[in-house]
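For reference, structure_9.cif (mmCIF, C-alpha atoms):
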data_coords
loop_
_atom_site.label_atom_id
_atom_site.label_comp_id
_atom_site.auth_asym_id
_atom_site.auth_seq_id
_atom_site.Cartn_x
_atom_site.Cartn_y
_atom_site.Cartn_z
CA MET A 12 21.04 -1.74 -41.97
CA THR A 13 17.30 -2.43 -42.25
CA HIS A 14 14.73 0.13 -43.27
CA GLY A 15 13.53 0.32 -39.66
CA ASP A 16 17.05 0.96 -38.34
CA GLU A 17 17.53 3.68 -40.93
CA ALA A 18 14.27 5.35 -39.87
CA ILE A 19 15.31 5.25 -36.21
CA ARG A 20 18.71 6.73 -37.02
CA SER A 21 17.11 9.57 -39.00
CA LEU A 22 14.68 10.35 -36.21
CA ARG A 23 17.44 10.41 -33.61
CA GLU A 24 19.51 12.76 -35.77
CA ALA A 25 16.50 15.05 -36.11
CA LEU A 26 16.00 15.02 -32.33
CA LYS A 27 19.61 16.10 -31.79
CA LEU A 28 18.80 19.25 -33.77
CA SER A 29 15.41 19.73 -32.07
CA PRO A 30 15.47 18.02 -28.65
CA ASP A 31 12.30 19.80 -27.44
CA ASN A 32 10.21 18.68 -30.42
CA LEU A 33 7.47 16.67 -28.65
CA PRO A 34 5.72 15.25 -31.77
CA LEU A 35 9.08 14.11 -33.12
CA ARG A 36 10.01 12.34 -29.88
CA GLN A 37 6.55 10.75 -29.75
CA HIS A 38 6.96 9.53 -33.34
CA LEU A 39 10.35 8.02 -32.45
CA ALA A 40 8.83 6.21 -29.47
CA GLN A 41 5.96 4.86 -31.61
CA THR A 42 8.41 3.65 -34.26
CA LEU A 43 10.58 1.91 -31.65
CA ALA A 44 7.53 0.21 -30.14
CA GLY A 45 6.38 -0.90 -33.58
CA LEU A 46 9.77 -2.55 -34.12
CA GLY A 47 9.56 -4.37 -30.79
CA ARG A 48 12.30 -2.26 -29.20
CA PHE A 49 10.23 -1.68 -26.09
CA GLU A 50 12.96 -0.61 -23.65
CA GLU A 51 14.07 2.15 -26.00
CA ALA A 52 10.44 3.13 -26.60
CA GLU A 53 9.92 3.34 -22.84
CA ARG A 54 12.84 5.77 -22.47
CA GLU A 55 11.51 7.99 -25.24
CA TYR A 56 7.97 8.02 -23.88
CA ARG A 57 9.29 8.90 -20.42
CA GLY A 58 11.30 11.72 -21.96
CA ALA A 59 8.21 12.97 -23.79
CA LEU A 60 6.17 12.83 -20.56
CA ALA A 61 8.80 14.93 -18.82
CA MET A 62 7.97 17.60 -21.42
CA ALA A 63 4.17 17.09 -21.23
CA PRO A 64 3.30 15.41 -17.89
CA GLU A 65 -0.50 15.58 -18.42
CA ASN A 66 -0.57 14.21 -21.96
CA GLN A 67 -3.03 11.27 -21.83
CA THR A 68 -1.93 9.84 -25.18
CA LEU A 69 1.65 9.59 -23.98
CA LYS A 70 0.59 8.04 -20.66
CA ILE A 71 -1.48 5.28 -22.22
CA ALA A 72 1.27 4.61 -24.78
CA LEU A 73 3.83 4.27 -21.98
CA ALA A 74 1.46 1.94 -20.11
CA GLU A 75 1.12 -0.23 -23.22
CA VAL A 76 4.89 -0.42 -23.57
CA TYR A 77 5.19 -1.38 -19.92
CA HIS A 78 2.60 -4.12 -20.47
CA LEU A 79 4.44 -5.46 -23.51
CA GLN A 80 7.60 -5.76 -21.40
CA GLY A 81 5.75 -7.62 -18.65
CA LYS A 82 5.96 -4.66 -16.26
CA SER A 83 2.36 -5.06 -15.17
CA SER A 84 2.57 -3.10 -11.91
CA GLN A 85 3.99 -0.03 -13.66
CA ALA A 86 1.32 -0.24 -16.36
CA LEU A 87 -1.41 -0.71 -13.76
CA VAL A 88 -0.43 2.46 -11.89
CA ILE A 89 -0.84 4.59 -15.01
CA VAL A 90 -4.10 3.14 -16.37
CA GLU A 91 -5.63 2.99 -12.90
CA HIS A 92 -5.22 6.75 -12.67
CA LEU A 93 -6.36 7.38 -16.27
CA ALA A 94 -9.48 5.20 -15.97
CA LYS A 95 -10.84 7.45 -13.19
CA ARG A 96 -11.06 10.44 -15.52
CA GLN A 97 -14.33 11.09 -17.29
CA ASP A 98 -12.46 11.74 -20.55
CA ALA A 99 -10.39 8.54 -20.31
CA PRO A 100 -9.81 7.00 -23.76
CA ALA A 101 -11.34 3.62 -24.56
CA ARG A 102 -7.91 1.98 -24.95
CA ALA A 103 -7.10 2.92 -21.31
CA HIS A 104 -10.17 1.01 -20.07
CA VAL A 105 -9.40 -1.99 -22.29
CA LEU A 106 -5.78 -2.16 -21.14
CA TYR A 107 -6.96 -1.76 -17.54
CA ALA A 108 -9.29 -4.74 -18.10
CA ARG A 109 -6.41 -6.82 -19.44
CA LEU A 110 -4.23 -5.99 -16.43
CA LEU A 111 -7.01 -6.63 -13.91
CA LEU A 112 -7.61 -10.02 -15.51
CA GLN A 113 -3.95 -10.87 -14.89
CA THR A 114 -4.40 -10.08 -11.19
CA GLY A 115 -7.47 -12.34 -11.00
CA ASP A 116 -10.00 -9.51 -10.62
CA VAL A 117 -12.45 -10.79 -13.22
CA PRO A 118 -15.47 -8.63 -12.19
CA GLY A 119 -13.31 -5.50 -12.29
CA ALA A 120 -11.88 -6.50 -15.66
CA VAL A 121 -15.38 -7.08 -17.07
CA ALA A 122 -16.56 -3.67 -15.85
CA GLN A 123 -13.56 -1.86 -17.36
CA TYR A 124 -13.84 -3.72 -20.68
CA LYS A 125 -17.53 -2.82 -20.99
CA LEU A 126 -16.70 0.83 -20.29
CA GLY A 127 -14.07 0.78 -23.00
CA ILE A 128 -16.25 -0.69 -25.75
CA GLU A 129 -19.09 1.60 -24.73
CA ILE A 130 -16.84 4.60 -25.44
CA ASP A 131 -15.48 3.11 -28.66
CA PRO A 132 -16.72 -0.27 -29.97
CA ASP A 133 -13.68 -0.47 -32.25
CA ALA A 134 -11.41 -0.66 -29.16
CA GLY A 135 -12.76 -4.14 -28.40
CA ASP A 136 -10.58 -7.24 -28.44
CA ASP A 137 -12.31 -10.50 -29.33
CA ASP A 138 -9.77 -12.70 -27.52
CA LEU A 139 -10.00 -10.60 -24.35
CA ALA A 140 -13.80 -10.56 -24.55
CA LEU A 141 -13.79 -14.36 -24.83
CA GLN A 142 -11.50 -14.68 -21.79
CA LEU A 143 -13.74 -12.35 -19.80
CA GLY A 144 -16.92 -14.06 -20.92
CA VAL A 145 -18.51 -10.74 -21.84
CA VAL A 146 -22.01 -11.81 -22.82
CA PRO A 147 -25.52 -10.34 -22.51
CA GLU A 148 -26.62 -9.98 -18.89
CA GLU A 149 -29.27 -12.66 -19.08
CA GLN A 150 -26.56 -15.19 -19.95
CA ALA A 151 -24.09 -14.11 -17.23
CA GLY A 152 -24.82 -16.97 -14.84
CA GLU A 153 -21.94 -16.37 -12.49
CA LEU A 154 -22.91 -12.73 -11.96
CA PHE A 155 -26.56 -13.64 -11.49
CA GLU A 156 -25.58 -16.24 -8.92
CA GLY A 157 -23.60 -13.59 -7.06
CA ARG A 158 -26.61 -11.27 -6.91
CA VAL A 159 -28.82 -14.08 -5.61
CA ARG A 160 -26.34 -14.81 -2.82
CA GLU A 161 -26.21 -11.13 -1.87
CA SER A 162 -29.99 -10.94 -1.65
CA TRP A 163 -30.09 -13.44 1.24
CA GLN A 164 -29.68 -12.26 4.77
CA ALA A 165 -28.91 -14.44 7.77
CA PRO A 166 -28.15 -13.48 11.35
CA SER A 167 -24.62 -13.76 12.67
CA ALA A 168 -23.11 -13.28 16.09
CA ALA A 169 -21.64 -9.88 16.80
CA PRO A 170 -17.83 -9.87 17.05
CA ASN A 171 -16.43 -10.25 20.51
CA THR A 172 -12.80 -9.30 19.96
CA GLU A 173 -10.77 -9.32 23.16
CA ILE A 174 -9.43 -6.00 24.41
CA GLU A 175 -5.66 -6.25 24.77
CA ARG A 176 -3.56 -4.31 27.31
CA PRO A 177 -0.11 -4.04 25.70
CA LYS A 178 2.94 -3.97 27.95
CA ILE A 179 5.32 -2.55 25.33
CA THR A 180 5.92 1.20 25.01
CA PHE A 181 7.84 3.52 22.70
CA GLN A 182 11.06 2.50 24.49
CA ASP A 183 10.66 -0.94 22.90
CA VAL A 184 10.40 0.55 19.39
CA GLY A 185 13.75 1.05 17.69
CA GLY A 186 14.07 4.38 15.84
CA MET A 187 10.96 6.01 14.29
CA ASP A 188 11.48 9.21 16.34
CA ALA A 189 9.62 11.46 13.88
CA LEU A 190 6.66 9.07 13.80
CA LYS A 191 6.60 8.86 17.58
CA ASP A 192 6.47 12.66 17.77
CA GLU A 193 3.54 12.80 15.33
CA ILE A 194 1.63 10.12 17.22
CA GLY A 195 2.48 11.82 20.49
CA MET A 196 0.98 15.13 19.37
CA LYS A 197 -2.14 13.53 17.92
CA ILE A 198 -2.85 10.76 20.45
CA ILE A 199 -0.61 10.64 23.53
CA TYR A 200 -0.37 14.27 24.66
CA PRO A 201 -4.16 14.87 24.50
CA LEU A 202 -4.66 12.07 27.03
CA LYS A 203 -1.76 13.12 29.27
CA HIS A 204 -2.64 16.85 29.15
CA PRO A 205 -6.40 16.99 28.50
CA GLU A 206 -6.78 20.44 30.10
CA MET A 207 -4.52 22.04 27.46
CA TYR A 208 -6.43 20.52 24.58
CA LYS A 209 -9.79 21.48 26.10
CA ALA A 210 -8.56 25.04 26.49
CA TYR A 211 -8.14 25.18 22.72
CA GLY A 212 -11.37 23.28 22.08
CA LYS A 213 -9.42 20.37 20.63
CA GLN A 214 -11.22 17.03 20.79
CA ILE A 215 -9.37 14.03 22.20
CA GLY A 216 -9.42 11.39 19.49
CA GLY A 217 -8.93 11.12 15.76
CA GLY A 218 -7.17 8.97 13.25
CA ILE A 219 -3.73 8.28 11.80
CA LEU A 220 -3.09 6.23 8.66
CA MET A 221 0.36 4.66 8.45
CA TYR A 222 1.67 3.32 5.16
CA GLY A 223 4.91 1.86 3.91
CA PRO A 224 6.67 -1.39 3.05
CA PRO A 225 5.62 -4.53 4.94
CA GLY A 226 7.62 -5.50 7.97
CA CYS A 227 8.63 -1.97 8.99
CA GLY A 228 6.83 -1.93 12.33
CA LYS A 229 3.45 -0.32 11.68
CA THR A 230 1.53 -2.86 13.78
CA TYR A 231 4.18 -2.91 16.50
CA LEU A 232 4.12 0.89 16.68
CA ALA A 233 0.32 0.89 17.03
CA ARG A 234 0.50 -1.61 19.88
CA ALA A 235 3.26 0.42 21.56
CA THR A 236 1.06 3.53 21.29
CA ALA A 237 -1.62 1.82 23.37
CA GLY A 238 1.01 0.68 25.88
CA GLU A 239 2.43 4.19 26.13
CA ILE A 240 -0.90 5.60 27.39
CA ARG A 241 -2.03 2.41 29.17
CA ALA A 242 -5.06 2.23 26.87
CA GLY A 243 -6.95 -0.76 25.57
CA PHE A 244 -5.88 -2.10 22.19
CA LEU A 245 -8.38 -3.56 19.77
CA SER A 246 -6.78 -5.01 16.64
CA VAL A 247 -9.18 -5.47 13.73
CA GLY A 248 -8.43 -7.75 10.80
CA ILE A 249 -10.40 -8.48 7.64
CA SER A 250 -11.94 -11.65 9.09
CA ASP A 251 -13.31 -9.69 12.06
CA VAL A 252 -15.51 -7.59 9.76
CA LEU A 253 -16.27 -9.21 6.42
CA ASP A 254 -19.29 -11.51 6.24
CA MET A 255 -20.94 -13.23 3.27
CA TRP A 256 -24.44 -12.04 4.26
CA MET A 257 -25.69 -8.60 3.31
CA GLY A 258 -25.63 -6.13 6.20
CA ASN A 259 -23.59 -8.27 8.58
CA SER A 260 -20.24 -6.70 7.67
CA GLU A 261 -21.63 -3.26 8.52
CA ARG A 262 -23.06 -4.63 11.77
CA ASN A 263 -19.71 -6.22 12.71
CA LEU A 264 -17.89 -2.94 12.07
CA HIS A 265 -20.37 -1.01 14.21
CA GLU A 266 -19.98 -3.48 17.09
CA LEU A 267 -16.19 -3.13 16.98
CA PHE A 268 -16.45 0.65 17.23
CA GLN A 269 -18.96 0.27 20.05
CA GLN A 270 -16.56 -2.04 21.89
CA ALA A 271 -13.83 0.60 21.62
CA ARG A 272 -16.24 3.30 22.87
CA TYR A 273 -17.18 1.23 25.92
CA ASN A 274 -13.51 0.60 26.78
CA LYS A 275 -12.07 4.06 26.22
CA PRO A 276 -9.40 5.20 26.19
CA CYS A 277 -8.89 2.64 23.49
CA VAL A 278 -6.68 2.37 20.41
CA LEU A 279 -8.73 0.86 17.59
CA PHE A 280 -6.27 -0.49 15.06
CA PHE A 281 -7.20 -1.55 11.52
CA ASP A 282 -4.59 -3.69 9.80
CA GLU A 283 -4.66 -3.88 5.99
CA VAL A 284 -7.27 -1.12 5.99
CA ASP A 285 -7.29 -1.04 2.17
CA ALA A 286 -9.21 -4.35 2.27
CA LEU A 287 -12.01 -2.69 4.26
CA GLY A 288 -11.79 0.86 2.93
CA GLY A 289 -10.97 0.37 -0.75
CA ARG A 290 -11.86 2.99 -3.33
CA ARG A 291 -15.56 3.02 -4.08
CA ALA A 292 -14.88 4.07 -7.68
CA ASP A 293 -13.21 0.68 -8.27
CA MET A 294 -16.07 -1.37 -6.82
CA THR A 295 -18.67 -3.17 -8.91
CA SER A 296 -20.93 -4.29 -6.05
CA GLY A 297 -23.09 -2.14 -3.78
CA SER A 298 -22.18 -4.12 -0.67
CA GLY A 299 -18.58 -2.90 -0.73
CA ARG A 300 -19.71 0.73 -1.00
CA GLN A 301 -22.15 0.26 1.89
CA LEU A 302 -19.35 -1.05 4.12
CA ILE A 303 -17.18 1.97 3.32
CA ASN A 304 -20.09 4.35 3.99
CA GLN A 305 -20.59 2.63 7.36
CA PHE A 306 -16.86 2.93 8.12
CA LEU A 307 -16.91 6.66 7.34
CA ALA A 308 -20.04 7.18 9.45
CA GLU A 309 -18.40 5.41 12.41
CA MET A 310 -15.28 7.56 12.10
CA ASP A 311 -17.41 10.70 11.99
CA GLY A 312 -19.10 9.59 15.21
CA LEU A 313 -22.58 9.52 13.68
CA GLU A 314 -23.30 6.19 15.39
CA GLY A 315 -21.76 7.18 18.74
CA ALA A 316 -19.27 9.64 20.23
CA ASN A 317 -15.63 8.84 19.49
CA GLU A 318 -14.15 10.94 22.29
CA GLY A 319 -11.29 8.89 23.68
CA VAL A 320 -11.29 6.42 20.77
CA LEU A 321 -7.95 6.64 18.99
CA ILE A 322 -8.05 5.19 15.51
CA LEU A 323 -4.88 3.90 13.88
CA ALA A 324 -4.72 2.09 10.56
CA ALA A 325 -1.96 0.51 8.52
CA THR A 326 -1.69 -0.37 4.86
CA ASN A 327 0.96 -1.42 2.40
CA ALA A 328 -1.16 -0.03 -0.46
CA PRO A 329 -2.40 3.50 0.38
CA TRP A 330 -3.27 4.02 -3.29
CA HIS A 331 -6.14 1.55 -2.83
CA VAL A 332 -7.70 3.41 0.13
CA ASP A 333 -10.77 5.54 -0.64
CA PRO A 334 -9.79 9.26 -0.67
CA ALA A 335 -12.76 10.09 1.60
CA PHE A 336 -10.84 8.53 4.52
CA ARG A 337 -8.23 11.28 4.28
CA ARG A 338 -10.73 14.07 4.97
CA PRO A 339 -10.01 16.12 8.13
CA GLY A 340 -11.57 14.49 11.15
CA ARG A 341 -10.97 10.98 9.82
CA PHE A 342 -7.42 9.86 8.95
CA ASP A 343 -6.23 13.46 8.97
CA ARG A 344 -2.62 12.35 9.47
CA VAL A 345 -1.11 10.14 6.77
CA LEU A 346 2.35 9.01 7.86
CA PHE A 347 4.96 7.25 5.77
CA VAL A 348 6.71 4.49 7.73
CA PRO A 349 10.01 3.92 5.89
CA PRO A 350 12.53 1.18 6.47
CA PRO A 351 14.63 2.02 9.54
CA ASP A 352 17.73 4.15 9.08
CA ALA A 353 21.21 3.01 10.16
CA SER A 354 20.85 4.05 13.82
CA ALA A 355 17.36 2.57 14.02
CA ARG A 356 18.60 -0.67 12.44
CA ALA A 357 21.32 -0.85 15.09
CA ALA A 358 18.70 -0.29 17.82
CA ILE A 359 16.39 -2.97 16.39
CA LEU A 360 19.22 -5.49 16.16
CA ARG A 361 20.15 -4.69 19.76
CA ILE A 362 16.55 -5.43 20.82
CA HIS A 363 16.44 -8.73 18.90
CA CYS A 364 19.79 -9.83 20.35
CA ALA A 365 18.76 -9.08 23.94
CA GLY A 366 18.74 -12.19 26.12
CA LYS A 367 20.86 -14.21 23.67
CA PRO A 368 24.45 -15.34 24.27
CA ILE A 369 26.56 -12.69 22.54
CA GLU A 370 30.08 -11.38 22.62
CA SER A 371 30.90 -7.73 22.01
CA LEU A 372 28.76 -6.85 18.98
CA ASP A 373 29.37 -3.80 16.76
CA PHE A 374 25.72 -2.86 16.28
CA ASP A 375 26.58 0.41 14.51
CA ARG A 376 28.58 -1.46 11.89
CA LEU A 377 25.81 -4.01 11.48
CA GLY A 378 23.23 -1.25 11.07
CA LYS A 379 25.25 0.37 8.27
CA LYS A 380 25.67 -2.95 6.45
CA ALA A 381 21.93 -3.72 6.50
CA GLU A 382 20.87 -0.87 4.17
CA GLY A 383 17.22 -1.13 3.08
CA PHE A 384 16.33 -3.94 5.50
CA SER A 385 12.98 -3.73 7.26
CA GLY A 386 12.45 -4.53 10.93
CA ALA A 387 11.20 -7.98 9.95
CA ASP A 388 14.28 -8.47 7.75
CA LEU A 389 16.55 -7.58 10.68
CA ARG A 390 14.81 -10.13 12.85
CA ALA A 391 15.42 -12.68 10.09
CA ILE A 392 19.14 -11.82 10.17
CA VAL A 393 19.29 -12.63 13.88
CA ASP A 394 17.26 -15.85 13.36
CA VAL A 395 19.59 -17.04 10.57
CA ALA A 396 22.66 -16.26 12.66
CA VAL A 397 21.18 -18.12 15.65
CA GLU A 398 20.40 -21.15 13.47
CA GLY A 399 24.03 -21.20 12.33
CA LYS A 400 25.22 -21.09 15.92
CA LEU A 401 22.85 -23.91 16.89
CA ARG A 402 24.27 -26.13 14.13
CA GLU A 403 27.77 -25.35 15.40
CA ALA A 404 26.75 -26.07 19.02
CA MET A 405 25.24 -29.43 18.03
CA LYS A 406 28.57 -30.49 16.56
CA LEU A 407 30.79 -29.15 19.36
CA GLY A 408 28.40 -29.82 22.23
CA VAL A 409 29.10 -26.34 23.61
CA PRO A 410 27.05 -23.18 22.80
CA LYS A 411 29.07 -20.33 21.34
CA PRO A 412 28.05 -16.63 21.57
CA LEU A 413 26.88 -14.66 18.54
CA SER A 414 29.53 -12.44 17.01
CA THR A 415 29.51 -9.51 14.60
CA LYS A 416 30.93 -11.82 11.95
CA ASP A 417 27.97 -14.21 12.37
CA LEU A 418 25.43 -11.46 11.87
CA LEU A 419 27.28 -9.98 8.88
CA ALA A 420 27.36 -13.42 7.26
CA ALA A 421 23.63 -13.82 7.86
CA ALA A 422 22.93 -10.37 6.35
CA LYS A 423 24.79 -11.37 3.16
CA MET A 424 22.53 -14.41 2.79
CA LEU A 425 19.36 -12.29 2.81
CA LYS A 426 17.99 -9.52 0.60
CA PRO A 427 15.78 -6.58 1.68
CA THR A 428 12.11 -7.39 1.13
CA THR A 429 11.30 -3.68 0.75
CA ARG A 430 12.62 -3.39 -2.81
CA GLU A 431 9.49 -4.76 -4.47
CA TRP A 432 7.27 -2.34 -2.54
CA PHE A 433 9.35 0.66 -3.56
CA SER A 434 9.23 -0.45 -7.19
CA THR A 435 5.42 -0.13 -7.09
CA ALA A 436 5.32 2.94 -4.82
CA ARG A 437 7.71 4.80 -7.12
CA ASN A 438 5.20 4.72 -9.96
CA TYR A 439 2.33 5.94 -7.81
CA ALA A 440 4.54 8.70 -6.40
CA LEU A 441 5.53 9.82 -9.90
CA TYR A 442 2.25 9.43 -11.77
CA SER A 443 -0.55 9.55 -9.18
CA ASN A 444 0.54 11.93 -6.44
CA GLN A 445 -2.54 14.12 -6.05
CA GLY A 446 -2.19 16.55 -3.17
CA GLY A 447 1.41 15.48 -2.56
CA ILE A 448 0.41 12.47 -0.45
CA TYR A 449 3.47 10.51 -1.61
CA ASP A 450 6.00 13.34 -1.34
CA ASP A 451 7.67 11.51 1.55
CA VAL A 452 8.25 8.52 -0.72
CA LEU A 453 9.81 10.76 -3.38
CA ARG A 454 12.08 12.36 -0.79
CA TYR A 455 13.09 8.97 0.61
CA MET A 456 13.95 7.71 -2.89
CA ASN A 457 15.69 11.00 -3.83
CA LEU A 458 13.41 11.50 -6.85
#

Can you present the structure in this file as structure tokens?
Amino acid sequence: MTHGDEAIRSLREALKLSPDNLPLRQHLAQTLAGLGRFEEAEREYRGALAMAPENQTLKIALAEVYHLQGKSSQALVIVEHLAKRQDAPARAHVLYARLLLQTGDVPGAVAQYKLGIEIDPDAGDDDLALQLGVVPEEQAGELFEGRVRESWQAPSAAPNTEIERPKITFQDVGGMDALKDEIGMKIIYPLKHPEMYKAYGKQIGGGILMYGPPGCGKTYLARATAGEIRAGFLSVGISDVLDMWMGNSERNLHELFQQARYNKPCVLFFDEVDALGGRRADMTSGSGRQLINQFLAEMDGLEGANEGVLILAATNAPWHVDPAFRRPGRFDRVLFVPPPDASARAAILRIHCAGKPIESLDFDRLGKKAEGFSGADLRAIVDVAVEGKLREAMKLGVPKPLSTKDLLAAAKMLKPTTREWFSTARNYALYSNQGGIYDDVLRYMNL
């Protein structure tokens, strides 16, 4: 037994006698990390954090252990939260810089590294500084070039996004009954029963932010909402707003809101809203902050009345959306869109199989076997099963109907794409759940 193993054994024996001794558990975790036993160190740090959830030293140590194991997303969740605090330690900023560099966010990494060494010059890392190219401002050519580009202004045509009139309604959406009820109360009922809402002085309009794993029907549900009330539907993507010239992005956003106001009732839907409404605290350029300020002003109706404009937004990363958007009167409903449950999965499969040659299919059985699959995953199951039947038909010369066995075989070939999202969301729900915004995620994951 090595000296290190003996020290670990002694510390574990001591912890058996004093399991609530926080300094002792922290010392054990530090010793394990120093010996390269990172998985064991992670368990001990997590145990220590269960005893002292707000201990910054433990949080940054756990983040470092995550980083050393290659668990970058878990580390990023912790340091992202720590770096926002005014009393954040220098090592949190430096680790944040290292993680941002891995994601390709060089400007963000540079900003965090400079914050870290400003707090404590000894926290600097020469290799990291060299990778980031942290040099005096007058030598930072790439940053200077960026500022020059931003200083130019050139006219651009205002967006002319076509107003869609969706034909689908809630009947075409499998499951999601609780979400439909929420949207109904906020958006649909005010338009169908305006006299009741006016009696209570309730304005017709407002915003809902939907978040959850990709492929779970957020966009489809937004389009069905417009179809349910026979309203116009204006879908806004990143390319419809962002422009390289200063001021044009804000102008584009204003024109889109104006278009919705002229065509009310209208559902104005922002997909990937985190790309347009990211957290201002994380931004290094003024142009990004100006766009968010414009977005908030439009939602508040400062540039024009929003009566009859129904604002829906979707994101896979709600933790990257600026908190100001969640203020009452803006996105005052934040709804978690989980993967469909068993009955909803059966309903979705029934919709995707409609119009195809099928024999008697046991949709309930199929729904139970597709645990964790998103709506997009379920469509992929049907596509894979159809491809198999097409190959068979090419050989036999006669088309055969889809069977339960075919769909079960297709489901075994695929894996749920939602797992990766929940791996990231779990850490935000555990370590950055201010105001209980991610309580629905914790309940869904039974945490």

For Ile249 in chain A, the closest of A:Phe281, A:Trp330, A:Phe268, A:Tyr273 counting all atoms listed in the file is A:Phe281

Q: Could you state which residues are captured by the PyMOL selection byres ((chain A and resi 333) around 12) in this file, as number ranges by chain?
A: A: 284-294, 299-300, 302-304, 306-307, 328-332, 334-338, 341-342

Could the residues in this selection be saved with C-alpha atoms as an mmCIF file, in the frame of the given file?
data_model
loop_
_atom_site.group_PDB
_atom_site.id
_atom_site.type_symbol
_atom_site.label_atom_id
_atom_site.label_comp_id
_atom_site.auth_asym_id
_atom_site.auth_seq_id
_atom_site.Cartn_x
_atom_site.Cartn_y
_atom_site.Cartn_z
ATOM 1 C CA VAL A 284 -7.270 -1.120 5.990
ATOM 2 C CA ASP A 285 -7.290 -1.040 2.170
ATOM 3 C CA ALA A 286 -9.210 -4.350 2.270
ATOM 4 C CA LEU A 287 -12.010 -2.690 4.260
ATOM 5 C CA GLY A 288 -11.790 0.860 2.930
ATOM 6 C CA GLY A 289 -10.970 0.370 -0.750
ATOM 7 C CA ARG A 290 -11.860 2.990 -3.330
ATOM 8 C CA ARG A 291 -15.560 3.020 -4.080
ATOM 9 C CA ALA A 292 -14.880 4.070 -7.680
ATOM 10 C CA ASP A 293 -13.210 0.680 -8.270
ATOM 11 C CA MET A 294 -16.070 -1.370 -6.820
ATOM 12 C CA GLY A 299 -18.580 -2.900 -0.730
ATOM 13 C CA ARG A 300 -19.710 0.730 -1.000
ATOM 14 C CA LEU A 302 -19.350 -1.050 4.120
ATOM 15 C CA ILE A 303 -17.180 1.970 3.320
ATOM 16 C CA ASN A 304 -20.090 4.350 3.990
ATOM 17 C CA PHE A 306 -16.860 2.930 8.120
ATOM 18 C CA LEU A 307 -16.910 6.660 7.340
ATOM 19 C CA ALA A 328 -1.160 -0.030 -0.460
ATOM 20 C CA PRO A 329 -2.400 3.500 0.380
ATOM 21 C CA TRP A 330 -3.270 4.020 -3.290
ATOM 22 C CA HIS A 331 -6.140 1.550 -2.830
ATOM 23 C CA VAL A 332 -7.700 3.410 0.130
ATOM 24 C CA PRO A 334 -9.790 9.260 -0.670
ATOM 25 C CA ALA A 335 -12.760 10.090 1.600
ATOM 26 C CA PHE A 336 -10.840 8.530 4.520
ATOM 27 C CA ARG A 337 -8.230 11.280 4.280
ATOM 28 C CA ARG A 338 -10.730 14.070 4.970
ATOM 29 C CA ARG A 341 -10.970 10.980 9.820
ATOM 30 C CA PHE A 342 -7.420 9.860 8.950
#

In terms of only C-alpha atoms, the residue from A:Val348, A:Ala357, A:Ala72, A:Ala387 at minimal distance from Tyr455 in chain A is A:Val348

One residue among A:Ile369, A:Ile198, A:Leu441, A:Ala237 is nearest to Pro412 in chain A when using all atoms listed in the file, and that residue is A:Ile369

Closest pair table for range 219-276 of chain A residues within 10 Å of range 419-429 of chain A, only C-alpha atoms, as JSON lines:
{"residue": "A:Gly223", "atom": "CA", "partner": "A:Thr429", "partner_atom": "CA", "distance": 9.0}
{"residue": "A:Pro224", "atom": "CA", "partner": "A:Thr429", "partner_atom": "CA", "distance": 5.7}
{"residue": "A:Pro225", "atom": "CA", "partner": "A:Thr429", "partner_atom": "CA", "distance": 7.1}
{"residue": "A:Gly226", "atom": "CA", "partner": "A:Thr429", "partner_atom": "CA", "distance": 8.3}
{"residue": "A:Cys227", "atom": "CA", "partner": "A:Thr429", "partner_atom": "CA", "distance": 8.8}

In Å and to one decimal, CA of Arg390 in chain A is distant from CA of Pro350 in chain A by 13.2 Å

Report, in Å with one decimal, the straight-line distance from CA of Gln269 in chain A to CA of Leu232 in chain A.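 Separation between CA of Gln269 in chain A and CA of Leu232 in chain A: 23.3 Å.
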
Inset, instruction - Would you write out, as a ChimeraX atom specification, every residue that the PyMOL selection byres ((chain A and resi 203-210) around 12) captures in this file? - result: /A:195-202,211-216,239-242,276,318-319

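Between CA of Ile179 in chain A and CA of Ile392 in chain A the interatomic distance comes to 22.5 Å.
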
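Residue neighbourhood of Met187 in chain A, excluding near-sequence residues (fewer than 3 positions): A:Phe181, A:Val184, A:Leu190, A:Lys191, A:Asp192, A:Cys227, A:Gly228, A:Leu232, A:Val348, A:Pro349, A:Pro350, A:Pro351, A:Asp352, A:Ala355, at 10 Å, using only C-alpha atoms.
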
Written file, previous selection with C-alpha atoms, as a compact mmCIF listing (two decimals), in the frame of the given file:
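Written output follows (result31.txt):
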# COMPACT_ATOMS: atom_id res chain seq x y z
CA PHE A 181 7.84 3.52 22.70
CA VAL A 184 10.40 0.55 19.39
CA LEU A 190 6.66 9.07 13.80
CA LYS A 191 6.60 8.86 17.58
CA ASP A 192 6.47 12.66 17.77
CA CYS A 227 8.63 -1.97 8.99
CA GLY A 228 6.83 -1.93 12.33
CA LEU A 232 4.12 0.89 16.68
CA VAL A 348 6.71 4.49 7.73
CA PRO A 349 10.01 3.92 5.89
CA PRO A 350 12.53 1.18 6.47
CA PRO A 351 14.63 2.02 9.54
CA ASP A 352 17.73 4.15 9.08
CA ALA A 355 17.36 2.57 14.02

Would you mind listing what lies within 9 Å of Tyr442 in chain A as a compact mmCIF listing (two decimals) with C-alpha atoms, in the coordinates of the input, with all atoms listed in the file counted and same-chain residues fewer than 2 positions away left out?
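To be explicit, this is the file written out as selection_30.txt:
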# COMPACT_ATOMS: atom_id res chain seq x y z
CA PRO A 64 3.30 15.41 -17.89
CA VAL A 88 -0.43 2.46 -11.89
CA ILE A 89 -0.84 4.59 -15.01
CA HIS A 92 -5.22 6.75 -12.67
CA ARG A 437 7.71 4.80 -7.12
CA ASN A 438 5.20 4.72 -9.96
CA TYR A 439 2.33 5.94 -7.81
CA ALA A 440 4.54 8.70 -6.40
CA ASN A 444 0.54 11.93 -6.44
CA GLN A 445 -2.54 14.12 -6.05
